[in-house]
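With PDB, C-alpha atoms inside, this is entry15.pdb:
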```
ATOM      1  CA  MET A   1     -55.826 -24.497-149.811  1.00  0.00           C
ATOM      2  CA  LYS A   2     -58.715 -26.910-150.305  1.00  0.00           C
ATOM      3  CA  LEU A   3     -61.949 -26.167-148.473  1.00  0.00           C
ATOM      4  CA  VAL A   4     -64.943 -28.511-148.492  1.00  0.00           C
ATOM      5  CA  LEU A   5     -68.380 -27.062-147.761  1.00  0.00           C
ATOM      6  CA  ASP A   6     -71.053 -29.577-146.810  1.00  0.00           C
ATOM      7  CA  PRO A   7     -74.673 -28.383-147.207  1.00  0.00           C
ATOM      8  CA  GLY A   8     -76.578 -30.487-144.702  1.00  0.00           C
ATOM      9  CA  HIS A   9     -79.301 -32.961-145.732  1.00  0.00           C
ATOM     10  CA  GLY A  10     -80.727 -33.105-149.287  1.00  0.00           C
ATOM     11  CA  GLY A  11     -82.848 -35.304-151.531  1.00  0.00           C
ATOM     12  CA  HIS A  12     -85.342 -37.407-149.566  1.00  0.00           C
ATOM     13  CA  ASP A  13     -83.855 -36.019-146.324  1.00  0.00           C
ATOM     14  CA  PRO A  14     -85.223 -32.463-145.917  1.00  0.00           C
ATOM     15  CA  GLY A  15     -83.714 -31.922-142.482  1.00  0.00           C
ATOM     16  CA  ALA A  16     -85.744 -29.691-140.191  1.00  0.00           C
ATOM     17  CA  VAL A  17     -88.979 -28.337-141.685  1.00  0.00           C
ATOM     18  CA  GLU A  18     -90.994 -25.483-140.181  1.00  0.00           C
ATOM     19  CA  ASN A  19     -92.437 -22.066-141.004  1.00  0.00           C
ATOM     20  CA  GLY A  20     -92.552 -22.837-144.730  1.00  0.00           C
ATOM     21  CA  LEU A  21     -88.806 -23.554-144.789  1.00  0.00           C
ATOM     22  CA  ARG A  22     -86.754 -26.704-145.385  1.00  0.00           C
ATOM     23  CA  GLU A  23     -83.285 -27.028-143.928  1.00  0.00           C
ATOM     24  CA  LYS A  24     -81.878 -28.723-147.043  1.00  0.00           C
ATOM     25  CA  ASP A  25     -82.781 -25.695-149.211  1.00  0.00           C
ATOM     26  CA  LEU A  26     -81.301 -23.130-146.835  1.00  0.00           C
ATOM     27  CA  THR A  27     -78.032 -24.999-146.297  1.00  0.00           C
ATOM     28  CA  LEU A  28     -77.489 -25.377-150.041  1.00  0.00           C
ATOM     29  CA  LYS A  29     -78.071 -21.675-150.658  1.00  0.00           C
ATOM     30  CA  ILE A  30     -75.671 -20.661-147.879  1.00  0.00           C
ATOM     31  CA  ALA A  31     -72.985 -23.053-149.165  1.00  0.00           C
ATOM     32  CA  LEU A  32     -73.317 -21.863-152.778  1.00  0.00           C
ATOM     33  CA  TYR A  33     -73.217 -18.215-151.728  1.00  0.00           C
ATOM     34  CA  THR A  34     -70.200 -18.884-149.509  1.00  0.00           C
ATOM     35  CA  ARG A  35     -68.328 -20.480-152.417  1.00  0.00           C
ATOM     36  CA  ASP A  36     -69.195 -17.530-154.647  1.00  0.00           C
ATOM     37  CA  TYR A  37     -67.937 -14.998-152.090  1.00  0.00           C
ATOM     38  CA  ILE A  38     -64.688 -16.889-151.535  1.00  0.00           C
ATOM     39  CA  ASN A  39     -64.042 -17.180-155.276  1.00  0.00           C
ATOM     40  CA  GLU A  40     -64.766 -13.470-155.687  1.00  0.00           C
ATOM     41  CA  LEU A  41     -62.766 -12.141-152.751  1.00  0.00           C
ATOM     42  CA  TYR A  42     -59.799 -14.434-152.086  1.00  0.00           C
ATOM     43  CA  GLU A  43     -56.980 -16.066-154.004  1.00  0.00           C
ATOM     44  CA  GLY A  44     -55.275 -19.419-153.623  1.00  0.00           C
ATOM     45  CA  VAL A  45     -58.393 -21.265-152.432  1.00  0.00           C
ATOM     46  CA  GLU A  46     -60.186 -24.186-154.063  1.00  0.00           C
ATOM     47  CA  VAL A  47     -63.750 -24.629-152.789  1.00  0.00           C
ATOM     48  CA  TYR A  48     -65.608 -27.932-153.169  1.00  0.00           C
ATOM     49  CA  LEU A  49     -69.193 -28.799-152.222  1.00  0.00           C
ATOM     50  CA  THR A  50     -70.372 -32.245-151.165  1.00  0.00           C
ATOM     51  CA  ARG A  51     -73.542 -31.499-153.129  1.00  0.00           C
ATOM     52  CA  GLU A  52     -74.517 -28.696-155.508  1.00  0.00           C
ATOM     53  CA  GLU A  53     -78.119 -29.773-156.070  1.00  0.00           C
ATOM     54  CA  ASP A  54     -80.965 -31.351-154.126  1.00  0.00           C
ATOM     55  CA  ASP A  55     -79.243 -34.736-153.802  1.00  0.00           C
ATOM     56  CA  PHE A  56     -79.088 -37.187-150.923  1.00  0.00           C
ATOM     57  CA  ILE A  57     -75.518 -37.872-149.807  1.00  0.00           C
ATOM     58  CA  SER A  58     -74.859 -40.164-146.843  1.00  0.00           C
ATOM     59  CA  LEU A  59     -72.818 -38.880-143.909  1.00  0.00           C
ATOM     60  CA  SER A  60     -69.975 -41.302-144.611  1.00  0.00           C
ATOM     61  CA  GLU A  61     -69.908 -40.263-148.294  1.00  0.00           C
ATOM     62  CA  ARG A  62     -69.623 -36.610-147.312  1.00  0.00           C
ATOM     63  CA  ALA A  63     -66.625 -37.320-145.103  1.00  0.00           C
ATOM     64  CA  GLU A  64     -65.016 -39.629-147.652  1.00  0.00           C
ATOM     65  CA  PHE A  65     -65.386 -36.924-150.333  1.00  0.00           C
ATOM     66  CA  ALA A  66     -63.289 -34.550-148.218  1.00  0.00           C
ATOM     67  CA  ASN A  67     -60.799 -37.282-147.333  1.00  0.00           C
ATOM     68  CA  ARG A  68     -60.254 -38.220-150.998  1.00  0.00           C
ATOM     69  CA  LEU A  69     -59.546 -34.584-151.821  1.00  0.00           C
ATOM     70  CA  ASN A  70     -57.081 -34.395-148.936  1.00  0.00           C
ATOM     71  CA  ALA A  71     -58.881 -31.191-147.969  1.00  0.00           C
ATOM     72  CA  ASP A  72     -57.393 -28.728-145.517  1.00  0.00           C
ATOM     73  CA  TYR A  73     -60.706 -27.902-143.835  1.00  0.00           C
ATOM     74  CA  PHE A  74     -64.273 -29.214-143.738  1.00  0.00           C
ATOM     75  CA  CYS A  75     -67.348 -27.175-142.820  1.00  0.00           C
ATOM     76  CA  SER A  76     -70.808 -28.727-142.575  1.00  0.00           C
ATOM     77  CA  ILE A  77     -73.584 -26.121-142.746  1.00  0.00           C
ATOM     78  CA  HIS A  78     -76.895 -26.697-140.947  1.00  0.00           C
ATOM     79  CA  ILE A  79     -80.008 -24.975-139.611  1.00  0.00           C
ATOM     80  CA  ASN A  80     -81.072 -25.839-136.073  1.00  0.00           C
ATOM     81  CA  ALA A  81     -84.424 -26.893-134.580  1.00  0.00           C
ATOM     82  CA  GLY A  82     -85.784 -27.376-131.078  1.00  0.00           C
ATOM     83  CA  LYS A  83     -87.339 -23.975-130.275  1.00  0.00           C
ATOM     84  CA  GLY A  84     -84.005 -22.361-129.406  1.00  0.00           C
ATOM     85  CA  LYS A  85     -82.578 -19.176-130.884  1.00  0.00           C
ATOM     86  CA  GLY A  86     -79.251 -18.183-132.413  1.00  0.00           C
ATOM     87  CA  PHE A  87     -75.994 -19.660-133.679  1.00  0.00           C
ATOM     88  CA  GLU A  88     -73.757 -22.426-132.370  1.00  0.00           C
ATOM     89  CA  SER A  89     -70.819 -24.387-133.740  1.00  0.00           C
ATOM     90  CA  PHE A  90     -69.517 -27.893-133.126  1.00  0.00           C
ATOM     91  CA  ILE A  91     -66.235 -29.757-133.348  1.00  0.00           C
ATOM     92  CA  TYR A  92     -65.671 -33.470-132.712  1.00  0.00           C
ATOM     93  CA  SER A  93     -65.825 -34.438-129.055  1.00  0.00           C
ATOM     94  CA  GLY A  94     -63.564 -37.501-129.289  1.00  0.00           C
ATOM     95  CA  SER A  95     -59.962 -37.941-128.239  1.00  0.00           C
ATOM     96  CA  TYR A  96     -57.517 -36.224-130.627  1.00  0.00           C
ATOM     97  CA  SER A  97     -55.211 -33.214-130.767  1.00  0.00           C
ATOM     98  CA  LYS A  98     -57.813 -30.447-130.739  1.00  0.00           C
ATOM     99  CA  SER A  99     -55.752 -27.282-130.514  1.00  0.00           C
ATOM    100  CA  LYS A 100     -55.746 -26.417-134.227  1.00  0.00           C
ATOM    101  CA  THR A 101     -59.366 -27.458-134.749  1.00  0.00           C
ATOM    102  CA  GLN A 102     -60.447 -25.371-131.759  1.00  0.00           C
ATOM    103  CA  ALA A 103     -58.447 -22.329-132.846  1.00  0.00           C
ATOM    104  CA  LEU A 104     -59.847 -22.358-136.386  1.00  0.00           C
ATOM    105  CA  ARG A 105     -63.401 -22.903-135.130  1.00  0.00           C
ATOM    106  CA  ASN A 106     -63.113 -20.065-132.626  1.00  0.00           C
ATOM    107  CA  VAL A 107     -62.191 -17.535-135.312  1.00  0.00           C
ATOM    108  CA  LEU A 108     -65.007 -18.719-137.600  1.00  0.00           C
ATOM    109  CA  HIS A 109     -67.530 -18.735-134.742  1.00  0.00           C
ATOM    110  CA  ASP A 110     -66.658 -15.238-133.536  1.00  0.00           C
ATOM    111  CA  THR A 111     -66.750 -13.806-137.061  1.00  0.00           C
ATOM    112  CA  ILE A 112     -70.186 -15.241-137.803  1.00  0.00           C
ATOM    113  CA  ILE A 113     -71.597 -13.940-134.516  1.00  0.00           C
ATOM    114  CA  SER A 114     -70.088 -10.505-135.128  1.00  0.00           C
ATOM    115  CA  GLU A 115     -71.318 -10.140-138.711  1.00  0.00           C
ATOM    116  CA  THR A 116     -74.783 -11.724-138.473  1.00  0.00           C
ATOM    117  CA  GLY A 117     -76.003 -10.548-135.087  1.00  0.00           C
ATOM    118  CA  PHE A 118     -77.135 -14.066-134.168  1.00  0.00           C
ATOM    119  CA  VAL A 119     -77.571 -14.842-130.481  1.00  0.00           C
ATOM    120  CA  ASP A 120     -74.403 -16.668-129.426  1.00  0.00           C
ATOM    121  CA  ARG A 121     -75.297 -20.144-128.142  1.00  0.00           C
ATOM    122  CA  GLY A 122     -71.662 -21.061-127.673  1.00  0.00           C
ATOM    123  CA  ARG A 123     -68.890 -23.294-128.956  1.00  0.00           C
ATOM    124  CA  LYS A 124     -69.708 -26.958-128.463  1.00  0.00           C
ATOM    125  CA  GLU A 125     -68.421 -30.478-129.039  1.00  0.00           C
ATOM    126  CA  ALA A 126     -70.358 -33.541-130.217  1.00  0.00           C
ATOM    127  CA  ASN A 127     -69.828 -37.014-131.639  1.00  0.00           C
ATOM    128  CA  LEU A 128     -71.222 -36.147-135.092  1.00  0.00           C
ATOM    129  CA  ALA A 129     -70.387 -38.486-137.976  1.00  0.00           C
ATOM    130  CA  VAL A 130     -69.128 -35.872-140.434  1.00  0.00           C
ATOM    131  CA  LEU A 131     -66.795 -34.497-137.757  1.00  0.00           C
ATOM    132  CA  ARG A 132     -65.668 -37.914-136.557  1.00  0.00           C
ATOM    133  CA  LEU A 133     -65.002 -39.430-140.005  1.00  0.00           C
ATOM    134  CA  THR A 134     -63.143 -36.524-141.616  1.00  0.00           C
ATOM    135  CA  ARG A 135     -59.343 -36.603-141.370  1.00  0.00           C
ATOM    136  CA  MET A 136     -58.825 -32.839-141.358  1.00  0.00           C
ATOM    137  CA  PRO A 137     -59.929 -30.048-138.986  1.00  0.00           C
ATOM    138  CA  ALA A 138     -63.716 -29.886-139.242  1.00  0.00           C
ATOM    139  CA  VAL A 139     -66.579 -27.775-137.937  1.00  0.00           C
ATOM    140  CA  LEU A 140     -70.366 -27.893-138.108  1.00  0.00           C
ATOM    141  CA  THR A 141     -72.288 -24.617-137.975  1.00  0.00           C
ATOM    142  CA  GLU A 142     -75.927 -24.320-136.872  1.00  0.00           C
ATOM    143  CA  ASN A 143     -77.244 -21.085-138.350  1.00  0.00           C
ATOM    144  CA  GLY A 144     -80.401 -20.149-136.481  1.00  0.00           C
ATOM    145  CA  PHE A 145     -83.498 -22.141-135.542  1.00  0.00           C
ATOM    146  CA  ILE A 146     -85.988 -22.955-138.276  1.00  0.00           C
ATOM    147  CA  ASP A 147     -88.779 -23.349-135.694  1.00  0.00           C
ATOM    148  CA  ASN A 148     -88.112 -20.047-133.937  1.00  0.00           C
ATOM    149  CA  PRO A 149     -90.322 -17.296-135.459  1.00  0.00           C
ATOM    150  CA  SER A 150     -87.674 -14.560-135.379  1.00  0.00           C
ATOM    151  CA  ASP A 151     -84.873 -16.787-136.701  1.00  0.00           C
ATOM    152  CA  ALA A 152     -87.226 -18.191-139.360  1.00  0.00           C
ATOM    153  CA  ALA A 153     -88.140 -14.678-140.500  1.00  0.00           C
ATOM    154  CA  LEU A 154     -84.436 -13.935-140.876  1.00  0.00           C
ATOM    155  CA  LEU A 155     -83.837 -17.163-142.825  1.00  0.00           C
ATOM    156  CA  LYS A 156     -86.649 -16.349-145.266  1.00  0.00           C
ATOM    157  CA  SER A 157     -84.657 -13.367-146.531  1.00  0.00           C
ATOM    158  CA  ASP A 158     -82.174 -14.097-149.312  1.00  0.00           C
ATOM    159  CA  SER A 159     -80.122 -11.071-148.309  1.00  0.00           C
ATOM    160  CA  ASN A 160     -79.764 -12.541-144.809  1.00  0.00           C
ATOM    161  CA  LEU A 161     -78.680 -15.903-146.227  1.00  0.00           C
ATOM    162  CA  ARG A 162     -76.044 -14.014-148.203  1.00  0.00           C
ATOM    163  CA  LYS A 163     -74.959 -12.234-145.012  1.00  0.00           C
ATOM    164  CA  ILE A 164     -74.542 -15.597-143.266  1.00  0.00           C
ATOM    165  CA  ALA A 165     -72.553 -16.886-146.247  1.00  0.00           C
ATOM    166  CA  LEU A 166     -70.315 -13.829-146.355  1.00  0.00           C
ATOM    167  CA  ALA A 167     -69.666 -14.185-142.620  1.00  0.00           C
ATOM    168  CA  HIS A 168     -68.530 -17.773-143.236  1.00  0.00           C
ATOM    169  CA  ALA A 169     -66.218 -16.571-146.026  1.00  0.00           C
ATOM    170  CA  HIS A 170     -64.743 -13.833-143.845  1.00  0.00           C
ATOM    171  CA  GLY A 171     -64.336 -16.271-140.956  1.00  0.00           C
ATOM    172  CA  PHE A 172     -62.409 -18.778-143.077  1.00  0.00           C
ATOM    173  CA  ALA A 173     -60.227 -15.987-144.449  1.00  0.00           C
ATOM    174  CA  ARG A 174     -59.335 -14.719-140.977  1.00  0.00           C
ATOM    175  CA  ALA A 175     -58.723 -18.203-139.631  1.00  0.00           C
ATOM    176  CA  PHE A 176     -56.365 -19.187-142.446  1.00  0.00           C
ATOM    177  CA  GLY A 177     -54.927 -15.779-143.371  1.00  0.00           C
ATOM    178  CA  TRP A 178     -56.124 -15.864-146.979  1.00  0.00           C
ATOM    179  CA  ASN A 179     -54.929 -13.127-149.284  1.00  0.00           C
ATOM    180  CA  PRO A 180     -57.616 -10.918-150.813  1.00  0.00           C
ATOM    181  CA  LYS A 181     -57.707 -10.726-154.568  1.00  0.00           C
ATOM    182  CA  LYS A 182     -56.135  -7.601-155.949  1.00  0.00           C
ATOM    183  CA  LYS A 183     -58.656  -5.449-157.703  1.00  0.00           C
ATOM    184  CA  VAL A 184     -57.536  -4.267-161.125  1.00  0.00           C
ATOM    185  CA  GLN A 185     -57.957  -0.541-161.435  1.00  0.00           C
ATOM    186  CA  THR A 186     -58.646   0.787-164.900  1.00  0.00           C
ATOM    187  CA  LYS A 187     -59.168   4.261-166.233  1.00  0.00           C
ATOM    188  CA  GLU A 188     -62.630   4.535-167.690  1.00  0.00           C
ATOM    189  CA  LYS A 189     -63.310   7.113-170.352  1.00  0.00           C
ATOM    190  CA  THR A 190     -66.427   8.031-172.238  1.00  0.00           C
ATOM    191  CA  SER A 191     -66.518   9.666-175.627  1.00  0.00           C
ATOM    192  CA  ASN A 192     -66.721  13.083-173.980  1.00  0.00           C
ATOM    193  CA  GLY A 193     -63.903  12.321-171.520  1.00  0.00           C
ATOM    194  CA  LYS A 194     -66.200  12.167-168.498  1.00  0.00           C
ATOM    195  CA  LEU A 195     -66.274   9.457-165.828  1.00  0.00           C
ATOM    196  CA  TYR A 196     -69.545   8.621-164.095  1.00  0.00           C
ATOM    197  CA  ARG A 197     -69.772   7.317-160.533  1.00  0.00           C
ATOM    198  CA  VAL A 198     -72.715   6.053-158.481  1.00  0.00           C
ATOM    199  CA  GLN A 199     -73.392   7.633-155.082  1.00  0.00           C
ATOM    200  CA  VAL A 200     -75.159   5.362-152.595  1.00  0.00           C
ATOM    201  CA  GLY A 201     -75.621   7.691-149.640  1.00  0.00           C
ATOM    202  CA  ALA A 202     -75.370  11.226-148.260  1.00  0.00           C
ATOM    203  CA  PHE A 203     -75.112  11.845-144.514  1.00  0.00           C
ATOM    204  CA  SER A 204     -74.651  14.758-142.151  1.00  0.00           C
ATOM    205  CA  ASP A 205     -73.044  12.414-139.601  1.00  0.00           C
ATOM    206  CA  ARG A 206     -69.741  10.911-140.763  1.00  0.00           C
ATOM    207  CA  LYS A 207     -70.269   7.818-138.577  1.00  0.00           C
ATOM    208  CA  ASN A 208     -73.286   6.886-140.674  1.00  0.00           C
ATOM    209  CA  ALA A 209     -71.205   7.260-143.841  1.00  0.00           C
ATOM    210  CA  GLU A 210     -68.455   5.077-142.384  1.00  0.00           C
ATOM    211  CA  ARG A 211     -71.018   2.436-141.382  1.00  0.00           C
ATOM    212  CA  LEU A 212     -72.408   2.224-144.936  1.00  0.00           C
ATOM    213  CA  ALA A 213     -68.911   2.164-146.458  1.00  0.00           C
ATOM    214  CA  GLU A 214     -67.986  -0.759-144.202  1.00  0.00           C
ATOM    215  CA  GLU A 215     -71.121  -2.666-145.235  1.00  0.00           C
ATOM    216  CA  LEU A 216     -70.262  -2.155-148.908  1.00  0.00           C
ATOM    217  CA  LYS A 217     -66.705  -3.377-148.356  1.00  0.00           C
ATOM    218  CA  LYS A 218     -68.017  -6.507-146.615  1.00  0.00           C
ATOM    219  CA  LYS A 219     -70.102  -7.204-149.719  1.00  0.00           C
ATOM    220  CA  GLY A 220     -67.020  -6.899-151.930  1.00  0.00           C
ATOM    221  CA  TYR A 221     -67.600  -3.377-153.320  1.00  0.00           C
ATOM    222  CA  PRO A 222     -64.865  -0.722-153.190  1.00  0.00           C
ATOM    223  CA  ALA A 223     -66.164   2.299-151.294  1.00  0.00           C
ATOM    224  CA  ILE A 224     -64.826   5.773-150.652  1.00  0.00           C
ATOM    225  CA  ILE A 225     -66.095   8.660-148.524  1.00  0.00           C
ATOM    226  CA  VAL A 226     -65.845  12.129-150.020  1.00  0.00           C
TER     227      VAL A 226
END
```
structure tokens encoding of this file:
Amino acid sequence: MKLVLDPGHGGHDPGAVENGLREKDLTLKIALYTRDYINELYEGVEVYLTREEDDFISLSERAEFANRLNADYFCSIHINAGKGKGFESFIYSGSYSKSKTQALRNVLHDTIISETGFVDRGRKEANLAVLRLTRMPAVLTENGFIDNPSDAALLKSDSNLRKIALAHAHGFARAFGWNPKKKVQTKEKTSNGKLYRVQVGAFSDRKNAERLAEELKKKGYPAIIV
């Protein structure tokens, strides 16, 4: 499986700029974090980025990069502007067999909404160059509005950018049925034969314990409730 992630804008093209944020910086962080999560959590996937630094890449070059790789899927990552609020996703609006592209996008879209808590602005279609010029199923995600105060506050947090990235990784995995990497279990021993564990919470209500355990699992940490 070859996946191409396309961090929007870059170089002399900053994208949307507002509230002390630049779209090109946010999209690159989300793409890099997404690649890291996929490499950590899933097997059998090769992840490529159209840019890994603050470089300008034309829209046609981004599409051609994915086409040369004969990628299985293309995802362009963006931050929105226009005083709206929330998340939306796009596929190409032209005439082609859309069933697979729509199905994959729907799974990714629903996963990101579920895991980030973004307002759902809907699944949309548009004649966007990176979607039109790519020869594989392709999607463009708009992850919040840089000029909306509440969305901008969320985007200023690195932990929230990681949450958005992890939601992308989980969405791809569900859409394509990726296999999780098997964790190697080892017996750890100290010189005195003791094993030390780290406790991250103690709750009187089991539901709260289950909620924290689920959050840890989403971040890639094994978690047990005792």
Check the smallest atom-to-atom distance from each of A:Gln199, A:Ser97, A:Ser89, A:Thr141 to Glu125 in chain A using all atoms listed in the file, then report the winner. A:Ser89
Result set, the PyMOL selection byres ((chain A and resi 59) around 12) on current file, as a PDB file with C-alpha atoms, in the frame of the given file:
```pdb
ATOM      1  CA  ASP A   6     -71.053 -29.577-146.810  1.00  0.00           C
ATOM      2  CA  PRO A   7     -74.673 -28.383-147.207  1.00  0.00           C
ATOM      3  CA  GLY A   8     -76.578 -30.487-144.702  1.00  0.00           C
ATOM      4  CA  HIS A   9     -79.301 -32.961-145.732  1.00  0.00           C
ATOM      5  CA  GLY A  10     -80.727 -33.105-149.287  1.00  0.00           C
ATOM      6  CA  ASP A  13     -83.855 -36.019-146.324  1.00  0.00           C
ATOM      7  CA  THR A  50     -70.372 -32.245-151.165  1.00  0.00           C
ATOM      8  CA  ARG A  51     -73.542 -31.499-153.129  1.00  0.00           C
ATOM      9  CA  PHE A  56     -79.088 -37.187-150.923  1.00  0.00           C
ATOM     10  CA  ILE A  57     -75.518 -37.872-149.807  1.00  0.00           C
ATOM     11  CA  SER A  58     -74.859 -40.164-146.843  1.00  0.00           C
ATOM     12  CA  SER A  60     -69.975 -41.302-144.611  1.00  0.00           C
ATOM     13  CA  GLU A  61     -69.908 -40.263-148.294  1.00  0.00           C
ATOM     14  CA  ARG A  62     -69.623 -36.610-147.312  1.00  0.00           C
ATOM     15  CA  ALA A  63     -66.625 -37.320-145.103  1.00  0.00           C
ATOM     16  CA  GLU A  64     -65.016 -39.629-147.652  1.00  0.00           C
ATOM     17  CA  PHE A  65     -65.386 -36.924-150.333  1.00  0.00           C
ATOM     18  CA  ALA A  66     -63.289 -34.550-148.218  1.00  0.00           C
ATOM     19  CA  SER A  76     -70.808 -28.727-142.575  1.00  0.00           C
ATOM     20  CA  LEU A 128     -71.222 -36.147-135.092  1.00  0.00           C
ATOM     21  CA  ALA A 129     -70.387 -38.486-137.976  1.00  0.00           C
ATOM     22  CA  VAL A 130     -69.128 -35.872-140.434  1.00  0.00           C
ATOM     23  CA  LEU A 131     -66.795 -34.497-137.757  1.00  0.00           C
ATOM     24  CA  ARG A 132     -65.668 -37.914-136.557  1.00  0.00           C
ATOM     25  CA  LEU A 133     -65.002 -39.430-140.005  1.00  0.00           C
ATOM     26  CA  THR A 134     -63.143 -36.524-141.616  1.00  0.00           C
TER      27      THR A 134
END
```
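Relative to CA of Gly144 in chain A, CA of Thr27 in chain A is found at 11.2 Å.
When the PyMOL selection byres ((chain A and resi 168-183) around 6) is evaluated against the file, it yields Thr34, Ile38, Leu41, Tyr42, Glu43, Leu104, Val107, Leu108, Thr111, Ala165, Leu166, Ala167 and Val184 of chain A.
Closest approach to Pro149 in chain A from the set A:Leu69, A:Lys83, A:Glu53, A:Ile77 is made by A:Lys83, with distances taken over only C-alpha atoms.
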Expand the PyMOL selection byres ((chain A and resi 85-88) around 8) into the explicit residue set it covers here, and present it as number ranges by chain. A: 83-84, 89-90, 109, 113, 118-124, 141-145, 148, 151
Got a sec to check which residues sit within 9 Å of (-69.2, -36.8, -126.9), counting all atoms listed in the file, and write them as an NGL selection string? :A and (92-94 or 125-128)
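Here CA of Ala81 in chain A is placed at a distance of 24.2 Å from CA of Gln102 in chain A.
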Taking (-84.1, -25.1, -147.8) in the file's coordinates as the center, which residues reach within 12 Å of it, counting all atoms listed in the file, put as a ChimeraX atom specification? /A:7-11,13-31,53-54,77-79,146,152,155-158,161
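If you measure from each of A:Asp147, A:Ala71, A:Glu214, A:Lys98 to Glu115 in chain A using all atoms listed in the file, the closest one turns out to be A:Glu214.
Relative to CA of Arg68 in chain A, CA of Arg135 in chain A is found at 9.8 Å.
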